[in-house]
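Okay, so here's the structure we're looking at.
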Amino acid sequence: MNKRLVLSLAMGALVAGAWVAPPAFAALGQGTTAPAFTAQASKDGKASEITLASALKNGPVVVYFFPSAYTGGCDVEAHAFATEAAKFQAAGATIIGVSADSIQRLNKFSADPNFCAGKFPIASDPEGKIAASFDLKMSAAVPGAKDVQGAVIDHGFISRTTFVIGSDGKIAAVFDSETDHLHPQEHVAKSLAIVEQLKGGKAP
């Protein structure tokens with residue numbers, strides 16, 4: 001297979017939201033204490049510093065890692081989280097998205113009414129440090145890759161993985177698209193079901 005075809009296939013997978021690099025090691029598992037993190041995050045187009053510790057003071061936190069803003073699967077997932085945001089809030093849960101996108105790209109994505117719609121913050125993890133703390137792999141950038149709007153994607157890609165963290169700071173559930181064969185929307189449905197169980201005092 002020639003190099004041009006390989007690049008074309010990789011870019012096509014990105015735009016479809018299907019680019020998920022094989023993890024180098026398993027993500028942190030259920031019952032593990034979630035690693036603390038502080039990051040620049042954008043909500044409704046405005047950047048500010050957020051911490052996991054602060055979010056946990058309000059109840060459970062859903063931390064979902066996604067490969068890139070403005071790619072097919074990630075767009076679907078963000079829209080689904082935004083659509084169900086009120087239900088997460090009713091269950092006392094906070095949503096935090098994390099990707100390797102720059103804060104400038106996330107400012108636009110977080111405010112986009114078709115995607116995050118200003119409903120929850122998305123954190124910038126350009127060096128993959130937050131991802132690594134959760135034992136997630138970030139693959140290298142793909143030269144020439146573009147998003148669905150035609151903009152060049154110049155960052156690496158974090159595997160699509162969702163962690164539901166209880167208010168005690170321990171991981172209540174974790175699932176990823178590759179191992180669990182989940183559609184991006186299923187990450188939203190599963191995490192919502194788990195935070196509603198936690199609200200009811202049930203173990204997931």
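Chain labels A, B, ... are given in the sequence in which chains occur in the structure tokens; within each chain residues are numbered consecutively from 1, and ligands are likewise numbered from 1 in the order shown.
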Within 10 Å of Glu127 (chain A), counting only C-alpha atoms, which residues qualify if same-chain residues fewer than 6 places away don't, as a CSV table (one decimal) with N, CA and C atoms, in the first residue's frame?
```csv
chain,number,residue,atom,x,y,z
A,99,SER,N,-9.7,16.9,25.3
A,99,SER,CA,-9.0,16.5,24.0
A,99,SER,C,-7.7,17.2,23.9
A,100,ALA,N,-6.9,16.8,22.9
A,100,ALA,CA,-5.7,17.5,22.6
A,100,ALA,C,-5.8,18.8,21.8
A,101,ASP,N,-7.0,19.1,21.5
A,101,ASP,CA,-7.2,20.4,20.7
A,101,ASP,C,-6.7,21.6,21.5
A,138,MET,N,-2.0,8.8,23.7
A,138,MET,CA,-2.3,9.8,22.7
A,138,MET,C,-1.4,9.5,21.5
A,155,HIS,N,-2.8,18.3,16.0
A,155,HIS,CA,-2.5,17.8,17.3
A,155,HIS,C,-2.7,16.3,17.3
A,156,GLY,N,-2.3,15.6,18.4
A,156,GLY,CA,-2.4,14.2,18.5
A,156,GLY,C,-3.8,13.8,18.9
```
Any idea what's packed within 7 Å of region 170-172 of chain A, counting only C-alpha atoms, ignoring anything in its chain fewer than 4 positions away? Could you give it as a ChimeraX atom specification?
/A:29-34,163-166,204
How about saving the chosen residues, N, CA, C and O atoms kept, as a tab-separated table (two decimals), in the first residue's frame?
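This went into again36.tsv:
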```
chain	number	residue	atom	x	y	z
A	29	GLY	N	-8.87	1.50	35.98
A	29	GLY	CA	-10.08	0.70	36.13
A	29	GLY	C	-11.01	1.15	37.25
A	29	GLY	O	-10.70	2.06	38.04
A	30	GLN	N	-12.14	0.49	37.30
A	30	GLN	CA	-13.16	0.74	38.32
A	30	GLN	C	-12.55	0.56	39.72
A	30	GLN	O	-11.80	-0.37	39.97
A	31	GLY	N	-12.89	1.49	40.61
A	31	GLY	CA	-12.40	1.43	41.98
A	31	GLY	C	-11.11	2.17	42.23
A	31	GLY	O	-10.73	2.40	43.38
A	32	THR	N	-10.44	2.55	41.14
A	32	THR	CA	-9.19	3.32	41.26
A	32	THR	C	-9.50	4.78	41.56
A	32	THR	O	-10.48	5.34	41.06
A	33	THR	N	-8.68	5.42	42.38
A	33	THR	CA	-8.85	6.85	42.63
A	33	THR	C	-8.47	7.62	41.38
A	33	THR	O	-7.39	7.42	40.82
A	34	ALA	N	-9.36	8.49	40.92
A	34	ALA	CA	-9.10	9.27	39.71
A	34	ALA	C	-7.98	10.27	39.97
A	34	ALA	O	-7.96	10.92	41.02
A	163	PHE	N	-14.84	8.10	31.64
A	163	PHE	CA	-14.72	7.72	33.04
A	163	PHE	C	-15.86	8.37	33.81
A	163	PHE	O	-16.08	9.58	33.70
A	164	VAL	N	-16.58	7.57	34.58
A	164	VAL	CA	-17.57	8.12	35.52
A	164	VAL	C	-16.93	8.04	36.90
A	164	VAL	O	-16.59	6.95	37.38
A	165	ILE	N	-16.75	9.21	37.51
A	165	ILE	CA	-16.05	9.30	38.79
A	165	ILE	C	-17.05	9.66	39.88
A	165	ILE	O	-17.78	10.66	39.76
A	166	GLY	N	-17.12	8.85	40.91
A	166	GLY	CA	-18.04	9.12	42.01
A	166	GLY	C	-17.59	10.32	42.82
A	166	GLY	O	-16.44	10.75	42.72
A	204	PRO	N	-22.87	0.94	40.31
A	204	PRO	CA	-23.02	0.68	38.88
A	204	PRO	C	-22.65	-0.74	38.49
A	204	PRO	O	-21.96	-1.43	39.22
```
So that I can see what lies close to Leu56 (chain A), please list as a list in words the residues with an atom at most 8 Å from it, counting only C-alpha atoms and leaving out residues fewer than 4 positions away in the same chain.
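Near neighbours after the sequence-gap exclusion: Leu52, Pro60, Val61, Gly166, Ser167, Asp168 and Gly169 of chain A.
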Any idea what's packed within 8 Å of Phe115 (chain A), counting only C-alpha atoms, ignoring anything in its chain fewer than 2 positions away? Could you give it as a list of chain:residue names?
A:Asp75, A:Val76, A:Ala78, A:His79, A:Ala80, A:Ala82, A:Phe109, A:Ser110, A:Ala111, A:Asp112, A:Pro113, A:Ala117
For Val188 (chain A), find every residue with an atom within 12 Å (counting only C-alpha atoms), except residues of its own chain fewer than 6 positions away, and show them as a VMD selection string.
chain A and resid 62 to 65 74 76 to 85 87 to 88 95 97 160 to 164 175 to 177 182 194 to 195
What separates CA of Ala39 (chain A) and CA of Ala140 (chain A) is a distance of 20.8 Å
Could you give me, as a PyMOL selection string, the residues within 12 Å of Gly45 (chain A), counting only C-alpha atoms and dropping anything in the same chain fewer than 4 positions from it?
chain A and resi 41+103-113+116-123
Output the selection as a short mmCIF file (atom, residue, chain, number, x, y, z; two decimals), in the first residue's frame - all heavy atoms for each residue.
```
data_model
loop_
_atom_site.label_atom_id
_atom_site.label_comp_id
_atom_site.auth_asym_id
_atom_site.auth_seq_id
_atom_site.Cartn_x
_atom_site.Cartn_y
_atom_site.Cartn_z
N ALA A 41 -9.86 25.14 30.23
CA ALA A 41 -11.05 24.58 29.60
C ALA A 41 -11.92 25.69 29.06
O ALA A 41 -11.86 26.83 29.53
CB ALA A 41 -11.83 23.73 30.59
N ILE A 103 -6.83 25.40 23.02
CA ILE A 103 -7.94 26.09 23.67
C ILE A 103 -8.66 26.99 22.67
O ILE A 103 -9.88 27.20 22.79
CB ILE A 103 -7.44 26.90 24.90
CG1 ILE A 103 -8.62 27.31 25.79
CG2 ILE A 103 -6.61 28.10 24.47
CD1 ILE A 103 -9.34 26.17 26.46
N GLN A 104 -7.97 27.46 21.66
CA GLN A 104 -8.61 28.29 20.63
C GLN A 104 -9.64 27.48 19.85
O GLN A 104 -10.75 27.95 19.60
CB GLN A 104 -7.55 28.87 19.68
CG GLN A 104 -6.65 29.93 20.30
CD GLN A 104 -5.56 29.34 21.18
OE1 GLN A 104 -5.21 28.17 21.07
NE2 GLN A 104 -5.02 30.16 22.07
N ARG A 105 -9.28 26.25 19.47
CA ARG A 105 -10.25 25.40 18.77
C ARG A 105 -11.42 25.03 19.68
O ARG A 105 -12.57 25.00 19.25
CB ARG A 105 -9.55 24.11 18.28
CG ARG A 105 -8.87 24.25 16.93
CD ARG A 105 -8.10 23.00 16.55
NE ARG A 105 -8.92 21.81 16.42
CZ ARG A 105 -9.60 21.46 15.33
NH1 ARG A 105 -9.58 22.24 14.27
NH2 ARG A 105 -10.29 20.33 15.29
N LEU A 106 -11.11 24.79 20.95
CA LEU A 106 -12.17 24.41 21.88
C LEU A 106 -13.09 25.58 22.21
O LEU A 106 -14.28 25.38 22.49
CB LEU A 106 -11.56 23.83 23.16
CG LEU A 106 -10.84 22.49 22.97
CD1 LEU A 106 -10.30 21.98 24.31
CD2 LEU A 106 -11.75 21.44 22.33
N ASN A 107 -12.57 26.81 22.18
CA ASN A 107 -13.43 27.97 22.39
C ASN A 107 -14.55 28.00 21.35
O ASN A 107 -15.72 28.26 21.67
CB ASN A 107 -12.63 29.27 22.30
CG ASN A 107 -11.90 29.60 23.59
OD1 ASN A 107 -12.27 29.14 24.66
ND2 ASN A 107 -10.85 30.41 23.49
N LYS A 108 -14.20 27.71 20.12
CA LYS A 108 -15.19 27.69 19.05
C LYS A 108 -16.14 26.51 19.20
O LYS A 108 -17.36 26.65 19.10
CB LYS A 108 -14.46 27.63 17.70
CG LYS A 108 -15.38 27.63 16.49
CD LYS A 108 -14.56 27.56 15.21
CE LYS A 108 -15.48 27.52 13.99
NZ LYS A 108 -14.71 27.35 12.73
N PHE A 109 -15.57 25.34 19.46
CA PHE A 109 -16.37 24.10 19.56
C PHE A 109 -17.32 24.15 20.75
O PHE A 109 -18.47 23.71 20.66
CB PHE A 109 -15.41 22.92 19.69
CG PHE A 109 -16.04 21.57 19.52
CD1 PHE A 109 -16.70 21.22 18.36
CD2 PHE A 109 -15.93 20.61 20.53
CE1 PHE A 109 -17.25 19.95 18.18
CE2 PHE A 109 -16.48 19.35 20.38
CZ PHE A 109 -17.14 19.01 19.20
N SER A 110 -16.86 24.69 21.87
CA SER A 110 -17.68 24.70 23.08
C SER A 110 -18.91 25.59 22.95
O SER A 110 -19.93 25.35 23.59
CB SER A 110 -16.84 25.15 24.29
OG SER A 110 -16.54 26.54 24.22
N ALA A 111 -18.79 26.62 22.12
CA ALA A 111 -19.91 27.55 21.95
C ALA A 111 -20.82 27.17 20.78
O ALA A 111 -21.93 27.71 20.66
CB ALA A 111 -19.38 28.96 21.73
N ASP A 112 -20.35 26.25 19.93
CA ASP A 112 -21.11 25.90 18.73
C ASP A 112 -22.45 25.29 19.12
O ASP A 112 -22.50 24.26 19.80
CB ASP A 112 -20.31 24.90 17.89
CG ASP A 112 -20.82 24.78 16.47
OD1 ASP A 112 -22.05 24.70 16.30
OD2 ASP A 112 -19.99 24.75 15.54
N PRO A 113 -23.58 25.89 18.69
CA PRO A 113 -24.89 25.37 19.07
C PRO A 113 -25.19 23.98 18.54
O PRO A 113 -26.08 23.29 19.05
CB PRO A 113 -25.86 26.41 18.49
CG PRO A 113 -25.10 27.07 17.38
CD PRO A 113 -23.68 27.09 17.85
N CYS A 116 -21.29 21.36 21.50
CA CYS A 116 -21.34 21.52 22.96
C CYS A 116 -22.40 22.52 23.41
O CYS A 116 -22.92 22.41 24.52
CB CYS A 116 -19.97 21.95 23.49
SG CYS A 116 -18.65 20.77 23.13
N ALA A 117 -22.67 23.50 22.58
CA ALA A 117 -23.76 24.45 22.83
C ALA A 117 -23.65 25.17 24.17
O ALA A 117 -24.67 25.55 24.76
CB ALA A 117 -25.11 23.75 22.70
N GLY A 118 -22.44 25.33 24.68
CA GLY A 118 -22.25 26.05 25.94
C GLY A 118 -22.74 25.31 27.17
O GLY A 118 -22.88 25.90 28.24
N LYS A 119 -22.99 24.00 27.05
CA LYS A 119 -23.60 23.25 28.15
C LYS A 119 -22.60 22.68 29.16
O LYS A 119 -22.97 22.40 30.31
CB LYS A 119 -24.42 22.08 27.58
CG LYS A 119 -25.55 22.50 26.65
CD LYS A 119 -26.65 23.23 27.39
CE LYS A 119 -27.83 23.51 26.47
NZ LYS A 119 -28.92 24.21 27.18
N PHE A 120 -21.34 22.51 28.76
CA PHE A 120 -20.35 21.91 29.67
C PHE A 120 -18.95 22.31 29.20
O PHE A 120 -18.76 22.68 28.03
CB PHE A 120 -20.49 20.38 29.69
CG PHE A 120 -20.38 19.73 28.34
CD1 PHE A 120 -19.16 19.32 27.82
CD2 PHE A 120 -21.52 19.52 27.57
CE1 PHE A 120 -19.06 18.73 26.58
CE2 PHE A 120 -21.44 18.93 26.31
CZ PHE A 120 -20.21 18.53 25.81
N PRO A 121 -17.97 22.26 30.09
CA PRO A 121 -16.61 22.64 29.71
C PRO A 121 -15.87 21.52 29.00
O PRO A 121 -16.11 20.33 29.26
CB PRO A 121 -15.95 22.94 31.06
CG PRO A 121 -16.67 22.06 32.03
CD PRO A 121 -18.09 21.99 31.54
N ILE A 122 -14.96 21.90 28.11
CA ILE A 122 -14.07 20.94 27.47
C ILE A 122 -12.64 21.42 27.66
O ILE A 122 -12.31 22.56 27.37
CB ILE A 122 -14.42 20.74 25.98
CG1 ILE A 122 -14.74 22.06 25.28
CG2 ILE A 122 -15.55 19.77 25.81
CD1 ILE A 122 -15.03 21.92 23.81
N ALA A 123 -11.82 20.53 28.18
CA ALA A 123 -10.45 20.89 28.57
C ALA A 123 -9.45 20.59 27.48
O ALA A 123 -9.56 19.60 26.75
CB ALA A 123 -10.07 20.14 29.85
#
```
Give me every strand (DSSP E or B) residue in region 90-153 of chain A, going by DSSP on the backbone, as JSON, numbers by chain.
{"A": [94, 95, 96, 97, 98, 99, 122, 123, 124, 138, 139, 146, 152]}
Could you take the residues named above and write them with C-alpha atoms, as a PDB file, in the first residue's frame?
```pdb
ATOM      1  CA  THR A  94     -20.748  17.404  36.005  1.00  0.00           C
ATOM      2  CA  ILE A  95     -19.560  16.710  32.448  1.00  0.00           C
ATOM      3  CA  ILE A  96     -15.986  17.530  31.423  1.00  0.00           C
ATOM      4  CA  GLY A  97     -14.706  16.774  27.925  1.00  0.00           C
ATOM      5  CA  VAL A  98     -10.960  16.455  27.286  1.00  0.00           C
ATOM      6  CA  SER A  99      -9.049  16.462  24.000  1.00  0.00           C
ATOM      7  CA  ILE A 122     -14.075  20.941  27.465  1.00  0.00           C
ATOM      8  CA  ALA A 123     -10.454  20.894  28.571  1.00  0.00           C
ATOM      9  CA  SER A 124      -7.361  21.283  26.418  1.00  0.00           C
ATOM     10  CA  MET A 138      -2.252   9.819  22.663  1.00  0.00           C
ATOM     11  CA  SER A 139      -1.255   8.987  19.101  1.00  0.00           C
ATOM     12  CA  LYS A 146      -8.250  18.037   8.220  1.00  0.00           C
ATOM     13  CA  VAL A 152      -5.844  21.327   9.516  1.00  0.00           C
TER      14      VAL A 152
END
```
Near Asp147 (chain A), counting only C-alpha atoms, which residues have an atom at most 8 Å away, once you skip same-chain residues fewer than 2 positions from it, shown as a PyMOL selection string?
chain A and resi 14-15+69-71+145+149-153
Only N, CA, C and O atoms, please: the residues just picked out, written as a CSV table (one decimal), in the first residue's frame.
```csv
chain,number,residue,atom,x,y,z
A,14,LEU,N,-10.3,9.8,10.5
A,14,LEU,CA,-10.4,11.0,11.4
A,14,LEU,C,-11.7,11.7,11.2
A,14,LEU,O,-12.4,12.0,12.1
A,15,VAL,N,-12.0,12.1,9.9
A,15,VAL,CA,-13.2,12.8,9.7
A,15,VAL,C,-14.5,12.1,10.1
A,15,VAL,O,-15.5,12.6,10.5
A,69,ALA,N,-12.1,17.8,18.1
A,69,ALA,CA,-13.2,18.6,17.8
A,69,ALA,C,-13.4,18.7,16.3
A,69,ALA,O,-12.5,18.6,15.5
A,70,TYR,N,-14.6,18.8,15.9
A,70,TYR,CA,-15.0,18.9,14.4
A,70,TYR,C,-14.6,17.7,13.6
A,70,TYR,O,-14.0,17.8,12.5
A,71,THR,N,-14.7,16.5,14.2
A,71,THR,CA,-14.7,15.3,13.4
A,71,THR,C,-15.9,14.5,13.7
A,71,THR,O,-16.6,14.7,14.8
A,145,ALA,N,-3.9,15.9,7.9
A,145,ALA,CA,-5.3,15.6,8.3
A,145,ALA,C,-6.1,16.9,8.5
A,145,ALA,O,-5.6,17.9,9.0
A,149,GLN,N,-14.6,20.8,8.8
A,149,GLN,CA,-14.7,22.2,8.3
A,149,GLN,C,-13.5,22.6,7.3
A,149,GLN,O,-13.4,23.7,6.8
A,150,GLY,N,-12.6,21.6,7.1
A,150,GLY,CA,-11.5,21.8,6.2
A,150,GLY,C,-10.3,22.4,6.9
A,150,GLY,O,-9.2,22.7,6.3
A,151,ALA,N,-10.3,22.6,8.2
A,151,ALA,CA,-9.1,23.1,9.0
A,151,ALA,C,-8.2,22.0,9.3
A,151,ALA,O,-8.6,20.8,9.5
A,152,VAL,N,-6.9,22.3,9.2
A,152,VAL,CA,-5.8,21.3,9.5
A,152,VAL,C,-5.9,20.9,11.0
A,152,VAL,O,-6.0,21.8,11.9
A,153,ILE,N,-5.8,19.6,11.2
A,153,ILE,CA,-5.7,19.1,12.6
A,153,ILE,C,-4.2,18.9,12.9
A,153,ILE,O,-3.6,18.0,12.3
```
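Of the listed residues A:Ile158, A:Ala193, A:Ala131, A:Ala47, the one whose atoms come nearest to Pro67 (chain A) is A:Ile158, with distances taken using only C-alpha atoms.
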Identify all residues of region 5-115 of chain A in helix (DSSP H, G or I) (DSSP on the backbone) and supply them as a PyMOL selection string.
chain A and resi 5-15+52-56+72-83+85-90+103-111
Top pick for closest residue to Ser42 (chain A), considering A:Ala189, A:Ser102, A:Asp135, A:Pro143 and counting only C-alpha atoms:
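The answer is A:Ser102, which sits nearest to Ser42 (chain A).
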By how many Å are CA of Gly128 (chain A) and CA of Leu198 (chain A) apart?
29.1 Å
Atomic separation - CA of Glu196 (chain A) relative to CA of Ala91 (chain A), Å:
5.6 Å
